[in-house]
file model.cif (mmCIF, C-alpha atoms)
data_entry
loop_
_atom_site.group_PDB
_atom_site.id
_atom_site.type_symbol
_atom_site.label_atom_id
_atom_site.label_comp_id
_atom_site.auth_asym_id
_atom_site.auth_seq_id
_atom_site.Cartn_x
_atom_site.Cartn_y
_atom_site.Cartn_z
ATOM 1 C CA MET A 1 -9.727 10.713 -7.804
ATOM 2 C CA ASN A 2 -6.643 12.892 -7.686
ATOM 3 C CA LEU A 3 -8.704 15.871 -8.792
ATOM 4 C CA ILE A 4 -10.122 16.361 -5.326
ATOM 5 C CA PHE A 5 -6.586 16.903 -4.048
ATOM 6 C CA GLU A 6 -5.499 19.361 -6.729
ATOM 7 C CA SER A 7 -5.349 23.069 -6.049
ATOM 8 C CA ASP A 8 -7.123 25.517 -8.339
ATOM 9 C CA LEU A 9 -3.708 26.722 -9.500
ATOM 10 C CA ALA A 10 -2.569 23.194 -10.386
ATOM 11 C CA LEU A 11 -5.729 22.599 -12.416
ATOM 12 C CA ALA A 12 -5.376 25.939 -14.216
ATOM 13 C CA ARG A 13 -1.869 25.008 -15.397
ATOM 14 C CA VAL A 14 -3.176 21.926 -17.223
ATOM 15 C CA ALA A 15 -6.514 23.329 -18.363
ATOM 16 C CA GLY A 16 -7.238 22.349 -21.953
ATOM 17 C CA ARG A 17 -4.526 19.673 -21.950
ATOM 18 C CA LEU A 18 -6.374 16.897 -20.151
ATOM 19 C CA VAL A 19 -8.770 14.414 -21.709
ATOM 20 C CA PHE A 20 -10.865 12.232 -19.431
ATOM 21 C CA PHE A 21 -12.408 8.983 -20.576
ATOM 22 C CA GLN A 22 -13.790 5.868 -18.994
ATOM 23 C CA GLU A 23 -13.861 2.407 -20.455
ATOM 24 C CA GLN A 24 -16.173 -0.404 -19.504
ATOM 25 C CA PRO A 25 -14.043 -2.731 -17.376
ATOM 26 C CA ARG A 26 -13.967 -6.445 -18.075
ATOM 27 C CA VAL A 27 -14.415 -8.305 -14.827
ATOM 28 C CA GLU A 28 -12.848 -11.736 -14.622
ATOM 29 C CA PRO A 29 -15.498 -14.336 -13.729
ATOM 30 C CA GLU A 30 -13.162 -16.022 -11.221
ATOM 31 C CA PRO A 31 -10.663 -14.568 -8.727
ATOM 32 C CA VAL A 32 -7.142 -14.245 -10.111
ATOM 33 C CA LEU A 33 -5.595 -14.583 -6.656
ATOM 34 C CA PHE A 34 -6.975 -16.235 -3.558
ATOM 35 C CA ALA A 35 -5.662 -17.382 -0.193
ATOM 36 C CA GLU A 36 -3.441 -20.366 -0.792
ATOM 37 C CA GLY A 37 -1.137 -22.261 1.523
ATOM 38 C CA ARG A 38 0.285 -21.651 4.929
ATOM 39 C CA ALA A 39 1.730 -18.205 4.181
ATOM 40 C CA ASP A 40 -1.643 -16.753 3.133
ATOM 41 C CA GLY A 41 -3.672 -18.410 5.869
ATOM 42 C CA ASN A 42 -7.428 -18.029 5.579
ATOM 43 C CA ARG A 43 -7.670 -14.784 3.572
ATOM 44 C CA ILE A 44 -5.763 -12.177 1.615
ATOM 45 C CA GLN A 45 -6.383 -8.528 0.861
ATOM 46 C CA SER A 46 -4.793 -6.761 -2.126
ATOM 47 C CA TYR A 47 -3.499 -3.213 -1.704
ATOM 48 C CA SER A 48 -1.019 -2.213 -4.409
ATOM 49 C CA VAL A 49 -0.364 -3.382 -7.970
ATOM 50 C CA LEU A 50 2.306 -1.762 -10.139
ATOM 51 C CA ARG A 51 3.393 -2.572 -13.672
ATOM 52 C CA GLU A 52 7.081 -2.173 -14.368
ATOM 53 C CA SER A 53 9.056 -3.421 -17.393
ATOM 54 C CA GLY A 54 6.149 -5.633 -18.457
ATOM 55 C CA LEU A 55 5.764 -7.250 -15.033
ATOM 56 C CA PHE A 56 2.814 -6.768 -12.695
ATOM 57 C CA ARG A 57 3.916 -6.606 -9.061
ATOM 58 C CA MET A 58 1.451 -6.932 -6.177
ATOM 59 C CA TRP A 59 1.776 -6.240 -2.457
ATOM 60 C CA TYR A 60 -1.033 -7.726 -0.418
ATOM 61 C CA LEU A 61 -1.890 -8.573 3.160
ATOM 62 C CA ALA A 62 -1.860 -12.214 4.217
ATOM 63 C CA PHE A 63 -3.711 -13.395 7.308
ATOM 64 C CA PRO A 64 -1.976 -16.492 8.752
ATOM 65 C CA SER A 65 -4.428 -18.706 10.579
ATOM 66 C CA GLY A 66 -4.511 -21.647 12.964
ATOM 67 C CA SER A 67 -1.226 -22.233 14.744
ATOM 68 C CA ASP A 68 0.416 -19.501 12.596
ATOM 69 C CA ALA A 69 -2.001 -16.759 13.676
ATOM 70 C CA ALA A 70 0.533 -15.502 16.235
ATOM 71 C CA LEU A 71 2.664 -14.281 13.314
ATOM 72 C CA GLY A 72 0.161 -11.492 12.807
ATOM 73 C CA ILE A 73 -0.879 -9.984 9.497
ATOM 74 C CA ARG A 74 1.983 -9.964 6.965
ATOM 75 C CA THR A 75 2.722 -8.080 3.757
ATOM 76 C CA ALA A 76 3.159 -10.643 0.984
ATOM 77 C CA TYR A 77 4.344 -10.272 -2.599
ATOM 78 C CA ALA A 78 3.206 -11.775 -5.917
ATOM 79 C CA GLU A 79 4.008 -11.121 -9.568
ATOM 80 C CA SER A 80 2.476 -11.788 -12.974
ATOM 81 C CA GLU A 81 3.149 -11.236 -16.672
ATOM 82 C CA ASP A 82 -0.487 -10.815 -17.647
ATOM 83 C CA GLY A 83 -2.308 -9.762 -14.461
ATOM 84 C CA ARG A 84 -4.300 -13.006 -14.453
ATOM 85 C CA ILE A 85 -1.855 -15.768 -13.549
ATOM 86 C CA TRP A 86 0.100 -14.889 -10.419
ATOM 87 C CA ARG A 87 3.050 -16.578 -8.761
ATOM 88 C CA ARG A 88 4.278 -16.195 -5.214
ATOM 89 C CA PRO A 89 8.102 -16.283 -5.218
ATOM 90 C CA LYS A 90 9.702 -17.916 -2.184
ATOM 91 C CA LEU A 91 11.371 -14.883 -0.655
ATOM 92 C CA ASN A 92 12.086 -16.284 2.832
ATOM 93 C CA ARG A 93 13.430 -12.887 3.909
ATOM 94 C CA LEU A 94 12.256 -13.086 7.513
ATOM 95 C CA PRO A 95 14.409 -15.485 9.560
ATOM 96 C CA GLU A 96 11.751 -15.836 12.265
ATOM 97 C CA ILE A 97 9.317 -17.484 9.816
ATOM 98 C CA GLY A 98 9.914 -21.222 9.883
ATOM 99 C CA PHE A 99 8.333 -22.157 6.548
ATOM 100 C CA ASP A 100 8.612 -21.098 2.885
ATOM 101 C CA ASN A 101 6.851 -17.798 2.329
ATOM 102 C CA ASN A 102 6.537 -14.812 0.028
ATOM 103 C CA TYR A 103 6.612 -12.185 2.790
ATOM 104 C CA CYS A 104 8.591 -8.995 2.412
ATOM 105 C CA ASN A 105 9.548 -7.057 5.527
ATOM 106 C CA LEU A 106 7.145 -4.170 4.906
ATOM 107 C CA GLY A 107 5.281 -4.297 8.188
ATOM 108 C CA LEU A 108 2.716 -1.609 7.361
ATOM 109 C CA MET A 109 -1.033 -2.133 7.237
ATOM 110 C CA SER A 110 -2.910 -0.919 4.130
ATOM 111 C CA PRO A 111 0.404 -0.654 2.253
ATOM 112 C CA GLY A 112 0.243 1.848 -0.611
ATOM 113 C CA VAL A 113 3.329 1.210 -2.777
ATOM 114 C CA PHE A 114 4.512 3.431 -5.620
ATOM 115 C CA ILE A 115 7.687 4.124 -7.599
ATOM 116 C CA ASP A 116 9.469 7.472 -7.350
ATOM 117 C CA PRO A 117 11.422 7.749 -10.630
ATOM 118 C CA GLY A 118 13.470 10.698 -9.385
ATOM 119 C CA ALA A 119 14.583 9.147 -6.116
ATOM 120 C CA PRO A 120 18.017 7.637 -5.472
ATOM 121 C CA SER A 121 18.168 3.881 -6.105
ATOM 122 C CA SER A 122 17.871 3.139 -2.377
ATOM 123 C CA HIS A 123 14.496 4.942 -2.282
ATOM 124 C CA ARG A 124 13.061 4.000 -5.692
ATOM 125 C CA TYR A 125 10.108 2.193 -4.110
ATOM 126 C CA ARG A 126 8.093 4.158 -1.593
ATOM 127 C CA ALA A 127 5.252 3.046 0.658
ATOM 128 C CA VAL A 128 2.722 4.545 3.002
ATOM 129 C CA GLY A 129 0.781 2.591 5.601
ATOM 130 C CA TYR A 130 -0.218 2.487 9.222
ATOM 131 C CA LEU A 131 0.795 0.637 12.324
ATOM 132 C CA HIS A 132 -1.536 -0.084 15.197
ATOM 133 C CA GLY A 133 0.419 0.634 18.343
ATOM 134 C CA GLY A 134 3.546 1.361 16.298
ATOM 135 C CA PRO A 135 6.818 2.945 17.431
ATOM 136 C CA ALA A 136 5.148 6.289 18.143
ATOM 137 C CA ALA A 137 2.889 6.816 21.123
ATOM 138 C CA ALA A 138 -0.774 7.632 20.634
ATOM 139 C CA ASP A 139 -1.515 11.211 19.667
ATOM 140 C CA HIS A 140 -3.069 13.801 21.934
ATOM 141 C CA GLN A 141 -6.568 12.654 21.035
ATOM 142 C CA GLY A 142 -5.882 9.146 22.316
ATOM 143 C CA LEU A 143 -5.783 7.436 18.925
ATOM 144 C CA CYS A 144 -3.376 4.525 18.968
ATOM 145 C CA SER A 145 -2.658 4.081 15.244
ATOM 146 C CA SER A 146 -0.196 6.131 13.211
ATOM 147 C CA TYR A 147 0.766 6.480 9.542
ATOM 148 C CA TYR A 148 4.360 5.890 8.451
ATOM 149 C CA THR A 149 6.374 6.063 5.243
ATOM 150 C CA ALA A 150 9.014 3.585 4.081
ATOM 151 C CA HIS A 151 11.502 3.116 1.261
ATOM 152 C CA SER A 152 13.100 0.210 -0.590
ATOM 153 C CA PRO A 153 15.554 -0.335 -3.454
ATOM 154 C CA ASP A 154 13.653 -3.324 -4.850
ATOM 155 C CA GLY A 155 10.185 -3.384 -3.275
ATOM 156 C CA LEU A 156 11.093 -6.404 -1.161
ATOM 157 C CA VAL A 157 13.468 -5.153 1.538
ATOM 158 C CA TRP A 158 11.990 -2.147 3.311
ATOM 159 C CA GLU A 159 13.048 0.395 5.908
ATOM 160 C CA LEU A 160 10.892 2.940 7.700
ATOM 161 C CA ASP A 161 11.847 6.506 6.844
ATOM 162 C CA SER A 162 11.528 7.308 10.537
ATOM 163 C CA THR A 163 10.330 5.606 13.699
ATOM 164 C CA THR A 164 8.370 8.797 14.349
ATOM 165 C CA ALA A 165 4.906 8.732 12.820
ATOM 166 C CA ARG A 166 4.476 10.866 9.711
ATOM 167 C CA TRP A 167 0.795 11.470 10.454
ATOM 168 C CA PHE A 168 -1.374 10.505 13.402
ATOM 169 C CA SER A 169 -4.564 8.464 13.090
ATOM 170 C CA GLY A 170 -4.707 5.253 11.115
ATOM 171 C CA ASP A 171 -6.644 2.887 8.858
ATOM 172 C CA THR A 172 -6.932 3.200 5.096
ATOM 173 C CA ILE A 173 -4.226 5.053 3.159
ATOM 174 C CA THR A 174 -3.296 5.178 -0.524
ATOM 175 C CA GLY A 175 -0.064 6.407 -2.078
ATOM 176 C CA ALA A 176 0.712 7.322 -5.695
ATOM 177 C CA TYR A 177 3.366 9.201 -7.630
ATOM 178 C CA HIS A 178 2.191 12.423 -9.301
ATOM 179 C CA PRO A 179 4.313 12.991 -12.444
ATOM 180 C CA GLY A 180 3.012 16.532 -12.910
ATOM 181 C CA ARG A 181 4.132 17.625 -9.477
ATOM 182 C CA GLY A 182 7.123 15.309 -9.310
ATOM 183 C CA CYS A 183 6.208 14.031 -5.868
ATOM 184 C CA GLY A 184 4.229 11.405 -4.017
ATOM 185 C CA LEU A 185 0.648 11.931 -2.869
ATOM 186 C CA ALA A 186 -1.074 10.225 0.029
ATOM 187 C CA ALA A 187 -4.816 10.109 0.638
ATOM 188 C CA MET A 188 -5.667 8.797 4.074
ATOM 189 C CA LYS A 189 -8.565 8.341 6.421
ATOM 190 C CA PHE A 190 -8.261 10.582 9.451
ATOM 191 C CA VAL A 191 -10.265 10.049 12.579
ATOM 192 C CA ARG A 192 -10.828 13.177 14.632
ATOM 193 C CA ARG A 193 -12.873 13.497 17.780
ATOM 194 C CA MET A 194 -15.654 16.051 17.472
ATOM 195 C CA ASN A 195 -18.073 16.621 20.325
ATOM 196 C CA GLY A 196 -16.709 13.498 21.967
ATOM 197 C CA ARG A 197 -17.354 11.243 18.977
ATOM 198 C CA ALA A 198 -14.891 9.810 16.459
ATOM 199 C CA ARG A 199 -15.484 11.147 12.938
ATOM 200 C CA ARG A 200 -13.834 10.023 9.694
ATOM 201 C CA ALA A 201 -12.526 12.327 6.985
ATOM 202 C CA ILE A 202 -10.196 12.022 3.987
ATOM 203 C CA TRP A 203 -7.029 14.097 4.175
#

call {"tool": "encode", "arguments": {"input": "model.cif", "output": "structure tokens"}}
result
Amino acid sequence: MNLIFESDLALARVAGRLVFFQEQPRVEPEPVLFAEGRADGNRIQSYSVLRESGLFRMWYLAFPSGSDAALGIRTAYAESEDGRIWRRPKLNRLPEIGFDNNYCNLGLMSPGVFIDPGAPSSHRYRAVGYLHGGPAAADHQGLCSSYYTAHSPDGLVWELDSTTARWFSGDTITGAYHPGRGCGLAAMKFVRRMNGRARRAIW
């Protein structure tokens, strides 16, 4: 997928040194993670899985339901040794939550988490995501969602890089580290108004 974001010059520099292959994936017959308990509510939605030092780490969205619905959608965390059996550590990092939970304080929707190996320890984990009606006002086209970036030393305690939106528009966004370029990449859905109608494009 990254190929569509590479420049002709970037591709020329690695020409003849790349080998592409595709394996038949093995799909587990049953879900490996499903909504469970009060913290997850009635559904979950996975966004980022990283493997580091033999441990799979997942950041997903939890949708509290019933009397907890007022908490809003939360970014939750799970981990696994084999990618099949997952545990939800009791993080309890948000004092306003009155029950045991595995929420981290990354308040971004569609959180794309990646590791920047060249960053200082305080910024080792990076994330991209959007906020609906976040700190920034709507852009000049009247769109009320905005994309933000965040950093963390451990992937659990996060801080926005800025309260000013990094990009305007909002919805799906994916982040990844590009070792060849030595930087992060973000692919996001942009909504632009054309002839009075909202149109979607990938930027």

call {"tool": "residues_around", "arguments": {"input": "model.cif", "residues": "A:Trp167", "least_positions_apart": "6", "cutoff": "9 Å", "atoms": "all atoms listed in the file", "output": "list in words"}}
result
Ser146, Tyr147 and Tyr148 of chain A

call {"tool": "write_last_selection", "arguments": {"input": "model.cif", "atoms": "C-alpha atoms", "output": "JSON list (two decimals), keeping the file's coordinate frame"}}
result
[["chain", "number", "residue", "atom", "x", "y", "z"],
["A", 146, "SER", "CA", -0.20, 6.13, 13.21],
["A", 147, "TYR", "CA", 0.77, 6.48, 9.54],
["A", 148, "TYR", "CA", 4.36, 5.89, 8.45]]

call {"tool": "resolve_selection", "arguments": {"input": "model.cif", "expression": "the PyMOL selection byres ((chain A and resi 156) around 12)", "output": "PyMOL selection string"}}
result
chain A and resi 57-59+75-79+89-94+102-107+113+122-127+150-155+157-159

call {"tool": "atom_distance", "arguments": {"input": "model.cif", "atom1": "atom CA of A:Ser53", "atom2": "atom CA of A:Ile115"}}
result
12.4 Å

call {"tool": "resolve_selection", "arguments": {"input": "model.cif", "expression": "the PyMOL selection byres ((chain A and resi 109) around 6)", "output": "PyMOL selection string"}}
result
chain A and resi 108+110-111+129-130

call {"tool": "resolve_selection", "arguments": {"input": "model.cif", "expression": "the PyMOL selection byres ((chain A and resi 66) around 12)", "output": "list in words"}}
result
Gly37, Arg38, Ala39, Asp40, Gly41, Asn42, Phe63, Pro64, Ser65, Ser67, Asp68, Ala69, Ala70, Leu71 and Gly72 of chain A

call {"tool": "atom_distance", "arguments": {"input": "model.cif", "atom1": "atom CA of A:Arg87", "atom2": "atom CA of A:Gly54"}}
result
14.9 Å

call {"tool": "atom_distance", "arguments": {"input": "model.cif", "atom1": "atom CA of A:Val191", "atom2": "atom CA of A:Thr172"}}
result
10.7 Å

call {"tool": "residues_around", "arguments": {"input": "model.cif", "residues": "A:Trp203", "least_positions_apart": "5", "cutoff": "10 Å", "atoms": "only C-alpha atoms", "output": "list in words"}}
result
Phe5, Ile173, Ala186, Ala187, Met188, Lys189, Phe190 and Val191 of chain A

call {"tool": "residues_near_point", "arguments": {"input": "model.cif", "point": "(0.2, 0.6, -5.9)", "cutoff": "8 Å", "atoms": "all atoms listed in the file", "output": "ChimeraX atom specification"}}
result
/A:47-50,58-59,112-114,174-176

call {"tool": "closest_residue", "arguments": {"input": "model.cif", "among": "A:Gly83, A:Pro25, A:Gly98, A:Gly118", "to": "A:Gly182", "atoms": "all atoms listed in the file"}}
result
A:Gly118

call {"tool": "decode", "arguments": {"input": "model.cif", "residues": "stretch 173-202 of chain A", "atoms": "N, CA, C and O atoms", "output": "JSON list (two decimals), in the first residue's frame"}}
result
[["chain", "number", "residue", "atom", "x", "y", "z"],
["A", 173, "ILE", "N", -7.69, 7.25, 9.39],
["A", 173, "ILE", "CA", -6.30, 7.63, 9.20],
["A", 173, "ILE", "C", -5.43, 6.47, 9.65],
["A", 173, "ILE", "O", -5.78, 5.74, 10.58],
["A", 174, "THR", "N", -4.32, 6.26, 8.97],
["A", 174, "THR", "CA", -3.38, 5.20, 9.30],
["A", 174, "THR", "C", -1.98, 5.78, 9.38],
["A", 174, "THR", "O", -1.61, 6.59, 8.54],
["A", 175, "GLY", "N", -1.22, 5.37, 10.39],
["A", 175, "GLY", "CA", 0.15, 5.83, 10.52],
["A", 175, "GLY", "C", 1.10, 4.65, 10.54],
["A", 175, "GLY", "O", 0.78, 3.58, 11.03],
["A", 176, "ALA", "N", 2.30, 4.83, 9.98],
["A", 176, "ALA", "CA", 3.32, 3.79, 9.98],
["A", 176, "ALA", "C", 4.69, 4.45, 9.89],
["A", 176, "ALA", "O", 4.82, 5.56, 9.36],
["A", 177, "TYR", "N", 5.70, 3.75, 10.40],
["A", 177, "TYR", "CA", 7.07, 4.25, 10.28],
["A", 177, "TYR", "C", 7.69, 3.69, 9.01],
["A", 177, "TYR", "O", 7.57, 2.51, 8.71],
["A", 178, "HIS", "N", 8.36, 4.55, 8.25],
["A", 178, "HIS", "CA", 9.00, 4.17, 6.99],
["A", 178, "HIS", "C", 10.51, 4.11, 7.23],
["A", 178, "HIS", "O", 11.16, 5.16, 7.32],
["A", 179, "PRO", "N", 11.08, 2.90, 7.38],
["A", 179, "PRO", "CA", 12.52, 2.82, 7.70],
["A", 179, "PRO", "C", 13.41, 3.36, 6.59],
["A", 179, "PRO", "O", 14.50, 3.85, 6.87],
["A", 180, "GLY", "N", 12.96, 3.27, 5.34],
["A", 180, "GLY", "CA", 13.78, 3.79, 4.24],
["A", 180, "GLY", "C", 13.91, 5.29, 4.28],
["A", 180, "GLY", "O", 14.98, 5.84, 4.01],
["A", 181, "ARG", "N", 12.85, 5.96, 4.62],
["A", 181, "ARG", "CA", 12.87, 7.42, 4.69],
["A", 181, "ARG", "C", 13.25, 7.93, 6.07],
["A", 181, "ARG", "O", 13.61, 9.09, 6.24],
["A", 182, "GLY", "N", 13.12, 7.05, 7.08],
["A", 182, "GLY", "CA", 13.42, 7.48, 8.44],
["A", 182, "GLY", "C", 12.41, 8.45, 8.99],
["A", 182, "GLY", "O", 12.74, 9.37, 9.74],
["A", 183, "CYS", "N", 11.14, 8.23, 8.64],
["A", 183, "CYS", "CA", 10.10, 9.14, 9.12],
["A", 183, "CYS", "C", 8.76, 8.40, 9.16],
["A", 183, "CYS", "O", 8.63, 7.29, 8.66],
["A", 184, "GLY", "N", 7.78, 9.04, 9.77],
["A", 184, "GLY", "CA", 6.44, 8.49, 9.80],
["A", 184, "GLY", "C", 5.66, 8.88, 8.55],
["A", 184, "GLY", "O", 5.91, 9.92, 7.95],
["A", 185, "LEU", "N", 4.73, 8.02, 8.16],
["A", 185, "LEU", "CA", 3.82, 8.31, 7.06],
["A", 185, "LEU", "C", 2.39, 8.24, 7.58],
["A", 185, "LEU", "O", 2.09, 7.42, 8.44],
["A", 186, "ALA", "N", 1.55, 9.08, 7.06],
["A", 186, "ALA", "CA", 0.13, 9.04, 7.40],
["A", 186, "ALA", "C", -0.68, 9.02, 6.12],
["A", 186, "ALA", "O", -0.44, 9.81, 5.22],
["A", 187, "ALA", "N", -1.62, 8.10, 6.04],
["A", 187, "ALA", "CA", -2.57, 8.05, 4.93],
["A", 187, "ALA", "C", -3.94, 8.31, 5.53],
["A", 187, "ALA", "O", -4.36, 7.61, 6.44],
["A", 188, "MET", "N", -4.63, 9.32, 5.04],
["A", 188, "MET", "CA", -5.88, 9.72, 5.68],
["A", 188, "MET", "C", -6.96, 9.99, 4.64],
["A", 188, "MET", "O", -6.68, 10.27, 3.48],
["A", 189, "LYS", "N", -8.18, 9.87, 5.11],
["A", 189, "LYS", "CA", -9.31, 10.22, 4.25],
["A", 189, "LYS", "C", -9.59, 11.70, 4.40],
["A", 189, "LYS", "O", -9.78, 12.20, 5.51],
["A", 190, "PHE", "N", -9.57, 12.41, 3.28],
["A", 190, "PHE", "CA", -9.90, 13.83, 3.27],
["A", 190, "PHE", "C", -11.27, 14.01, 2.64],
["A", 190, "PHE", "O", -11.59, 13.34, 1.66],
["A", 191, "VAL", "N", -12.03, 14.87, 3.20],
["A", 191, "VAL", "CA", -13.32, 15.22, 2.63],
["A", 191, "VAL", "C", -13.24, 16.67, 2.16],
["A", 191, "VAL", "O", -12.99, 17.57, 2.95],
["A", 192, "ARG", "N", -13.40, 16.86, 0.89],
["A", 192, "ARG", "CA", -13.38, 18.21, 0.30],
["A", 192, "ARG", "C", -14.72, 18.46, -0.38],
["A", 192, "ARG", "O", -15.32, 17.56, -0.95],
["A", 193, "ARG", "N", -15.16, 19.68, -0.31],
["A", 193, "ARG", "CA", -16.42, 20.04, -0.97],
["A", 193, "ARG", "C", -16.14, 20.47, -2.41],
["A", 193, "ARG", "O", -15.36, 21.36, -2.65],
["A", 194, "MET", "N", -16.79, 19.78, -3.34],
["A", 194, "MET", "CA", -16.64, 20.07, -4.75],
["A", 194, "MET", "C", -18.04, 20.23, -5.34],
["A", 194, "MET", "O", -18.86, 19.33, -5.20],
["A", 195, "ASN", "N", -18.27, 21.37, -5.94],
["A", 195, "ASN", "CA", -19.60, 21.67, -6.50],
["A", 195, "ASN", "C", -20.69, 21.50, -5.46],
["A", 195, "ASN", "O", -21.78, 21.00, -5.74],
["A", 196, "GLY", "N", -20.36, 21.88, -4.21],
["A", 196, "GLY", "CA", -21.34, 21.85, -3.15],
["A", 196, "GLY", "C", -21.57, 20.50, -2.51],
["A", 196, "GLY", "O", -22.39, 20.37, -1.60],
["A", 197, "ARG", "N", -20.82, 19.48, -2.95],
["A", 197, "ARG", "CA", -21.00, 18.14, -2.39],
["A", 197, "ARG", "C", -19.70, 17.67, -1.74],
["A", 197, "ARG", "O", -18.61, 17.96, -2.23],
["A", 198, "ALA", "N", -19.82, 16.92, -0.66],
["A", 198, "ALA", "CA", -18.65, 16.38, 0.03],
["A", 198, "ALA", "C", -18.11, 15.18, -0.76],
["A", 198, "ALA", "O", -18.87, 14.28, -1.12],
["A", 199, "ARG", "N", -16.81, 15.20, -1.03],
["A", 199, "ARG", "CA", -16.16, 14.12, -1.77],
["A", 199, "ARG", "C", -14.99, 13.58, -0.94],
["A", 199, "ARG", "O", -14.29, 14.33, -0.28],
["A", 200, "ARG", "N", -14.78, 12.27, -0.99],
["A", 200, "ARG", "CA", -13.70, 11.65, -0.22],
["A", 200, "ARG", "C", -12.50, 11.35, -1.12],
["A", 200, "ARG", "O", -12.65, 10.96, -2.27],
["A", 201, "ALA", "N", -11.32, 11.54, -0.55],
["A", 201, "ALA", "CA", -10.08, 11.22, -1.26],
["A", 201, "ALA", "C", -9.06, 10.78, -0.23],
["A", 201, "ALA", "O", -9.15, 11.11, 0.95],
["A", 202, "ILE", "N", -8.05, 10.02, -0.66],
["A", 202, "ILE", "CA", -6.96, 9.62, 0.22],
["A", 202, "ILE", "C", -5.79, 10.55, -0.01],
["A", 202, "ILE", "O", -5.35, 10.78, -1.14]]
